[in-house]
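**Q** Below is one structure. I have some questions about it.
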Amino acid sequence: MQDYSDTPEAERPVAGVEHYDGPAGGWGALKAVALAVRDQMGASTDTRALLQMNQPDGFDCPGCAWPDPKKTSSFEFCENGAKAVTWEATAKRVDPDFFARHSATELFGWSDHALEDAGRLTHPLRYDPATDHFMPIAWDEAFARIGAGLQALSDPNQAEFYTSGRASNEAAFLFQLLARAYGTNNFPDCSNMCHEATSVGLPQSIGVGKGTVTLEDFDLADAIFCIGHNPGTNHPRMLSTLSAAARRGVPIVVANPLRERGLERFKSPQHPSEMLSTQATELASEYHQVRVGGDGAMLKGMMKALFEADAADLAAGGAGLLDRAFIVEHTLGLDALRGDIDSTGWDEIVARSGLDRAAIERMAQTYWRAERVILCYGMGITQHANGTANVQQLANLLLLRGNIGKPGAGICPLRGHSNVQGDRTVGITEIPSEAMLARLDARFGITAPRAHGHNAVDALAAMRDGRAKALIALGGNLAVAMPDPQASFAAFRKLDLSVNILTKFNRTCLLTARETIVLPCLGRTEHDAQASGSQWVTVEDSMSMVHASRGRLKPAAPDLRSEPAIIAGIAKAALPGVAIDWDGLVADYDRIRDGIEAVFPDFRDFNVRVRHKGGFRLTVGASNRVWNTSDGKAHFLTHPLAGASGEAGALLLTTIRSHDQYNTTIYGLNDRYRGITGRRDVVFANADDLAELGLAHGDVVNIEAGPGRRLEGYTVVAYAIARGSLAAYYPEANCLVPLEDHDPHSGTPSYKSVRVTLRAA
Ligand SMILES: Nc1nc2c(c(=O)[nH]1)N[C@H]1C(S)=C(S)[C@@H](COP(=O)(O)OP(=O)(O)OC[C@H]3O[C@@H](n4cnc5c(=O)[nH]c(N)nc54)[C@H](O)[C@@H]3O)O[C@H]1N2
Ligand SMILES: Nc1nc2c(c(=O)[nH]1)N[C@H]1C(S)=C(S)[C@@H](COP(=O)(O)OP(=O)(O)OC[C@H]3O[C@@H](n4cnc5c(=O)[nH]c(N)nc54)[C@H](O)[C@@H]3O)O[C@H]1N2
Ligand SMILES: [Mo]
């Protein structure tokens, strides 16, 4: 393995750039939370919220989808969970006075950080083009205008219904009911930008588009692989799980172009002895700095090494290293996979992965020496033009040794938003099954449309081309999250109707349409009172556990409504002829859950089972070696190595999250574990690449990805990153990504392999 640990930061001081030497977690994490609380909540406010996070009778943390240990009885500290909560429970408000003071044009000049930092929305708003201000509007009038806007479209497929993954199961289910009763399957969804490669790839491989492991499996695993994800920032509670494994001596193998502190060392705020000593737990036992976009080659290399070692073992009279009994009983396609791997040469594997053969053989050896292996992965695998292929290569590797459907083994996609998986489960999909639609029709007396709808890329293209005329967004910041703002911002401005249901005002609201309405909703942390009394909602974590989430804080403003209530308000106004008792559903969310159960049989006894402490797990066939594929078998699937990676001289830029952001929500300008303070205009590069380009640490450059696609005035940071690889922060770098650059199978934008050049500015 090449050693990139020599960092030249010390040689030339660059403002806001320093080498970070501490572990992840530790006192830095506690300090960051104290600052966030002071900044957002002031001295007077209610910090009780932080103590109710992920408690059996509290709310589900809106931060990430990592599950909670069943035994949770005390507060599991998580810096970024705490930031997500303080950001929502902030004492700051954007009220009608705020919008009277600031015009839309002025606000458009604010940064994404400043827009959300201004505080929580308090009133429904409508954009008034005559004054260029957002004005308060009564709920009924807002609903009437939205209803009129939807009714005015000549075809329901001119409307796009976007969901961001914080919506509860109850809200998402009502949202899909509204869209389908209205007449469309257009469901662009944040998971289209995230784990769609998982949702499309895994069903073909193993018959289910979800992870197969539970948290308990991590206690039994003999080796854990972490490929293309950054848990120290994005799933911090996972570090407790990884530390426990590391302390048991379980190898943790990392493949990531960047050296990420959260995968190297962790000081757990749960462990007083660690906090008070200089000790931290070492996490990664092997750290392989694969090239950006080089994972497909690396995985083929691991399989090649495994096949070679298997052949050697057989020749020496051993039983071989593949799980042959499993393969015969459960799988199809081994010969084709083997042929493909045999015909892929080591030279190509090494060139494309950026790893030498010995490193890949070492990874493979760690893999086959372990009886039970869990492969974890995130956006570093999925957000490429070959994202689906990458996911299927991970499945291939696991299937070769029967590492799916046995305790301590399996595949573990690290999901994004806290309920992104649940939203999909309860019907947010542009390609619904006939069986599901038939049950929806029967339950609600509608005729749902059968034609497939739009995913996120399709929706943006339809808006750009004038085929889509209305956008109803349940959460999120679609315009900023998607690639290609050059094209997409104009597309938003062409709409007839734009509706955003949000906790915080953001840039998507400012891309005003002919009619632009912003509806303020309750957040997770807040108490939700309806006609029958207090309500709670349910979510599904990334291990298919469904459980309750109960907000208890006083709502940020008296005029806020819950997401289900807002969806019902829109539905009643837009669909006067549809005989669904929307008010009845909203009065008591048990009735929504009964509806979910009627449409999705996996939720049998939903209202009973979800009241059990800790909730229940949805069926994941592959966890029990039931393969819900067309022929009942798991499939080895082959793919050619493709993409720009490996071409001589090509620089591939990946876009990443800082430690101080939640997607398009920028909490602050620091990225502690990468040593960046007070700025985001940096590009991380390998020192040898810089030398070849005649550039140095601290130089100011333009990053160019083609005509009209450039980021100007970025400062180069020499960093521990694989050769041929660059990294810059999302969402700023989205202007480098054309909408056309996406995985053809899943539609996932290629946010993590953008071909660029660097030029001195
Ligand atoms: N605090 C916080 N928590 C979050 C989020 C947040 O923004 N902030 N976002 C949530 C959401 S929606 C999601 S989807 C998840 C995202 O969680 P992650 O999947 O961890 O997301 P990223 O920050 O995009 O980074 C992925 C990692 O992949 C690495 N990487 C980049 N390119 C490649 C590559 O080509 N190959 C490999 N092997 N690795 C690569 C990067 O160096 C980085 O360490 O987190 C969720 N949780
Ligand atoms: N270049 C690049 N682009 C990316 C990515 C990348 O790695 N690189 N990652 C992609 C990924 S994985 C994702 S998931 C998308 C994220 O895309 P989105 O899900 O669209 O974006 P978020 O930033 O999570 O949404 C933030 C907004 O959600 C609203 N919000 C917060 N909580 C609630 C709530 O409880 N209810 C409601 N109704 N609204 C709420 C707030 O108003 C806030 O402004 O971005 C994608 N874009
Ligand atoms: Mo995501």
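By order of appearance in the structure tokens: chains A, B, ..., then residues from 1 within every chain, and ligands from 1 in the order shown.
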So that I can check the surroundings of Asp528 in chain A, please list as a PyMOL selection string every protein, DNA and RNA residue that reaches within 10 Å of it, counting only C-alpha atoms and ignoring chain neighbours fewer than 5 positions away.

**A** chain A and resi 522-523+533-537+550-555+560-563

**Q** Taking a cut-off of 6 Å and counting only C-alpha atoms and all ligand atoms, can you build a table that, for each residue of chain A near ligand 1, reports the nearest atom pair and how far apart they are in Å (one decimal), sorted by chain then residue number, as a tab-separated table?

**A**
residue	atom	partner	partner_atom_place_in_ligand_line	distance
A:Gly63	CA	ligand 1	3 (N)	5.6
A:Cys64	CA	ligand 1	47 (N)	4.6
A:Asn80	CA	ligand 1	1 (N)	4.8
A:Cys194	CA	ligand 1	14 (S)	5.1
A:Ile227	CA	ligand 1	38 (N)	4.8
A:Gly228	CA	ligand 1	39 (N)	3.2
A:His229	CA	ligand 1	20 (O)	3.5
A:Asn230	CA	ligand 1	20 (O)	3.7
A:Pro231	CA	ligand 1	20 (O)	5.6
A:Thr233	CA	ligand 1	1 (N)	5.1
A:Asn234	CA	ligand 1	3 (N)	3.4
A:His235	CA	ligand 1	47 (N)	5.5
A:Ala255	CA	ligand 1	38 (N)	5.0
A:Asn256	CA	ligand 1	39 (N)	4.2
A:Pro257	CA	ligand 1	42 (O)	5.5
A:Leu258	CA	ligand 1	42 (O)	4.7
A:Val292	CA	ligand 1	35 (O)	3.5
A:Gly293	CA	ligand 1	35 (O)	3.8
A:Asp295	CA	ligand 1	36 (N)	5.7
A:Gly378	CA	ligand 1	19 (O)	3.6
A:Met379	CA	ligand 1	19 (O)	3.8
A:Gly380	CA	ligand 1	40 (C)	3.5
A:Ile381	CA	ligand 1	36 (N)	5.7
A:Arg415	CA	ligand 1	14 (S)	5.7
A:Gly416	CA	ligand 1	13 (C)	3.2
A:His417	CA	ligand 1	12 (S)	4.5
A:Thr654	CA	ligand 1	32 (N)	5.0
A:Ile656	CA	ligand 1	23 (O)	4.3
A:Arg657	CA	ligand 1	23 (O)	4.0
A:Gln661	CA	ligand 1	8 (N)	5.1
A:Tyr662	CA	ligand 1	7 (O)	3.3
A:Asn663	CA	ligand 1	7 (O)	3.7
A:Lys752	CA	ligand 1	32 (N)	5.1

**Q** Show which residues sit within 9 Å of Leu669 in chain A, as a ChimeraX atom specification. Count only C-alpha atoms, and ignore same-chain residues fewer than 5 positions away.

**A** /A:113,658,660-661,676-680

**Q** Would you give me, as a list of chain:residue names, the residues in range 467-506 of chain A that DSSP reads as strand (DSSP E or B)?

**A**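 Across range 467-506 of chain A, those assigned strand (DSSP E or B) are A:Ala470, A:Leu471, A:Ile472, A:Ala473, A:Leu474, A:Leu497, A:Ser498, A:Val499, A:Asn500, A:Ile501, A:Leu502, A:Lys504.
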
**Q** Report, in Å with one decimal, the straight-line distance from CA of Thr619 in chain A to CA of His547 in chain A.

**A**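 Between these atoms lies a distance of 14.3 Å.
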
**Q** To one decimal place, how far is CA of Asp112 in chain A from CA of Val737 in chain A in Å?

**A**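 These atoms are spaced 18.9 Å apart.
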
**Q** Please identify the residues whose atoms come within 7 Å of ligand 2, using only C-alpha atoms and all ligand atoms, and report them as a VMD selection string.

**A** chain A and resid 116 164 to 167 190 to 191 193 to 194 379 416 to 417 474 to 478 481 to 483 501 to 506 521 to 524 563 655 to 657 662 to 665 730 to 731 733 to 734 751 to 752

**Q** So that I can check the surroundings of Thr429 in chain A, please list as a ChimeraX atom specification every protein, DNA and RNA residue that reaches within 12 Å of it, counting only C-alpha atoms and ignoring chain neighbours fewer than 6 positions away.

**A** /A:161-163,172-173,175-177,179-180,184-192,196,199-200,420-423,436-437,451-456

**Q** Selection from above, N, CA, C and O atoms, as a tab-separated table (two decimals), in the first residue's frame, can you write it?

**A**
chain	number	residue	atom	x	y	z
A	161	PHE	N	-43.89	14.81	-8.03
A	161	PHE	CA	-44.06	14.75	-6.57
A	161	PHE	C	-42.75	14.27	-5.94
A	161	PHE	O	-42.46	13.07	-5.95
A	162	TYR	N	-41.97	15.22	-5.43
A	162	TYR	CA	-40.64	14.89	-4.90
A	162	TYR	C	-40.70	14.59	-3.39
A	162	TYR	O	-41.39	15.28	-2.64
A	163	THR	N	-39.95	13.57	-2.99
A	163	THR	CA	-39.86	13.24	-1.55
A	163	THR	C	-38.41	13.26	-1.11
A	163	THR	O	-37.56	12.64	-1.74
A	172	ALA	N	-45.23	9.81	3.86
A	172	ALA	CA	-44.88	9.33	2.52
A	172	ALA	C	-46.04	8.53	1.92
A	172	ALA	O	-46.34	8.64	0.73
A	173	PHE	N	-46.69	7.73	2.75
A	173	PHE	CA	-47.81	6.93	2.24
A	173	PHE	C	-48.95	7.84	1.77
A	173	PHE	O	-49.52	7.65	0.68
A	175	PHE	N	-48.62	10.85	0.76
A	175	PHE	CA	-48.13	11.60	-0.40
A	175	PHE	C	-48.28	10.78	-1.68
A	175	PHE	O	-48.73	11.29	-2.71
A	176	GLN	N	-47.94	9.48	-1.61
A	176	GLN	CA	-48.10	8.67	-2.81
A	176	GLN	C	-49.59	8.46	-3.13
A	176	GLN	O	-49.98	8.38	-4.29
A	177	LEU	N	-50.42	8.42	-2.07
A	177	LEU	CA	-51.85	8.27	-2.31
A	177	LEU	C	-52.39	9.52	-3.02
A	177	LEU	O	-53.16	9.41	-3.99
A	179	ALA	N	-50.68	11.60	-4.96
A	179	ALA	CA	-50.19	11.67	-6.35
A	179	ALA	C	-50.91	10.65	-7.23
A	179	ALA	O	-51.27	10.95	-8.37
A	180	ARG	N	-51.15	9.46	-6.68
A	180	ARG	CA	-51.77	8.42	-7.51
A	180	ARG	C	-53.26	8.67	-7.68
A	180	ARG	O	-53.83	8.39	-8.74
A	184	THR	N	-50.71	10.28	-11.26
A	184	THR	CA	-49.35	10.12	-11.79
A	184	THR	C	-48.49	9.24	-10.90
A	184	THR	O	-48.73	9.14	-9.69
A	185	ASN	N	-47.50	8.60	-11.51
A	185	ASN	CA	-46.46	7.88	-10.78
A	185	ASN	C	-45.13	8.64	-10.85
A	185	ASN	O	-44.06	8.04	-10.71
A	186	ASN	N	-45.19	9.94	-11.05
A	186	ASN	CA	-43.95	10.73	-11.08
A	186	ASN	C	-43.45	10.96	-9.67
A	186	ASN	O	-43.93	11.85	-8.96
A	187	PHE	N	-42.48	10.13	-9.24
A	187	PHE	CA	-41.95	10.24	-7.89
A	187	PHE	C	-40.43	10.42	-7.88
A	187	PHE	O	-39.71	9.51	-7.49
A	188	PRO	N	-39.94	11.57	-8.34
A	188	PRO	CA	-38.53	11.82	-8.11
A	188	PRO	C	-38.30	11.78	-6.60
A	188	PRO	O	-39.17	12.21	-5.83
A	189	ASP	N	-37.17	11.23	-6.19
A	189	ASP	CA	-36.98	10.95	-4.77
A	189	ASP	C	-35.50	11.12	-4.45
A	189	ASP	O	-34.65	10.88	-5.30
A	190	CYS	N	-35.21	11.53	-3.23
A	190	CYS	CA	-33.79	11.74	-2.93
A	190	CYS	C	-33.02	10.44	-3.06
A	190	CYS	O	-31.81	10.45	-3.30
A	191	SER	N	-33.68	9.31	-2.92
A	191	SER	CA	-32.91	8.07	-3.05
A	191	SER	C	-32.44	7.85	-4.49
A	191	SER	O	-31.50	7.10	-4.73
A	192	ASN	N	-33.05	8.55	-5.45
A	192	ASN	CA	-32.55	8.50	-6.83
A	192	ASN	C	-31.14	9.10	-6.94
A	192	ASN	O	-30.45	8.89	-7.92
A	196	GLU	N	-30.06	4.45	-5.12
A	196	GLU	CA	-30.87	3.80	-6.15
A	196	GLU	C	-30.12	2.63	-6.79
A	196	GLU	O	-30.73	1.63	-7.18
A	199	SER	N	-31.07	-0.16	-4.80
A	199	SER	CA	-32.47	-0.57	-5.00
A	199	SER	C	-32.66	-1.28	-6.33
A	199	SER	O	-33.55	-2.11	-6.48
A	200	VAL	N	-31.84	-0.94	-7.33
A	200	VAL	CA	-31.95	-1.57	-8.64
A	200	VAL	C	-31.03	-2.78	-8.74
A	200	VAL	O	-31.40	-3.83	-9.28
A	420	VAL	N	-35.25	7.31	4.43
A	420	VAL	CA	-35.26	7.18	2.98
A	420	VAL	C	-35.68	5.76	2.59
A	420	VAL	O	-36.39	5.54	1.61
A	421	GLN	N	-35.28	4.78	3.40
A	421	GLN	CA	-35.65	3.40	3.07
A	421	GLN	C	-37.15	3.17	3.26
A	421	GLN	O	-37.82	2.55	2.45
A	422	GLY	N	-37.69	3.73	4.36
A	422	GLY	CA	-39.12	3.56	4.63
A	422	GLY	C	-39.99	4.21	3.57
A	422	GLY	O	-41.01	3.65	3.15
A	423	ASP	N	-39.58	5.38	3.10
A	423	ASP	CA	-40.39	6.07	2.10
A	423	ASP	C	-40.58	5.19	0.87
A	423	ASP	O	-41.67	5.13	0.29
A	436	MET	N	-49.20	-4.09	-5.95
A	436	MET	CA	-49.33	-3.00	-4.99
A	436	MET	C	-50.44	-2.04	-5.42
A	436	MET	O	-51.28	-1.63	-4.62
A	437	LEU	N	-50.46	-1.69	-6.70
A	437	LEU	CA	-51.47	-0.75	-7.18
A	437	LEU	C	-52.87	-1.34	-7.03
A	437	LEU	O	-53.82	-0.63	-6.68
A	451	ALA	N	-48.97	3.54	-15.84
A	451	ALA	CA	-47.75	3.89	-16.58
A	451	ALA	C	-46.65	4.29	-15.60
A	451	ALA	O	-46.91	4.93	-14.59
A	452	HIS	N	-45.43	3.89	-15.91
A	452	HIS	CA	-44.30	4.27	-15.07
A	452	HIS	C	-44.10	5.78	-15.09
A	452	HIS	O	-44.43	6.44	-16.06
A	453	GLY	N	-43.56	6.29	-13.99
A	453	GLY	CA	-43.37	7.73	-13.88
A	453	GLY	C	-41.91	8.14	-13.95
A	453	GLY	O	-41.06	7.38	-14.43
A	454	HIS	N	-41.63	9.31	-13.44
A	454	HIS	CA	-40.28	9.90	-13.51
A	454	HIS	C	-39.50	9.66	-12.24
A	454	HIS	O	-40.03	9.80	-11.14
A	455	ASN	N	-38.21	9.35	-12.38
A	455	ASN	CA	-37.28	9.46	-11.25
A	455	ASN	C	-36.72	10.88	-11.26
A	455	ASN	O	-37.17	11.74	-12.02
A	456	ALA	N	-35.70	11.14	-10.43
A	456	ALA	CA	-35.24	12.52	-10.28
A	456	ALA	C	-34.64	13.08	-11.58
A	456	ALA	O	-34.93	14.20	-11.98

**Q** Residues within 10 Å of Leu397 in chain A, please, as number ranges by chain. Count only C-alpha atoms; anything in the same chain fewer than 5 positions from it doesn't count.

**A** A: 299-300, 302-303, 306, 364, 367, 375, 392, 402-403, 636

**Q** I need the residue nearest ligand 3 from this list: A:Val599, A:Thr86, A:Thr382, A:Ile146. Use only C-alpha atoms and all ligand atoms for the distance.

**A**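 Ranked by minimum distance to ligand 3, first place goes to A:Thr382.
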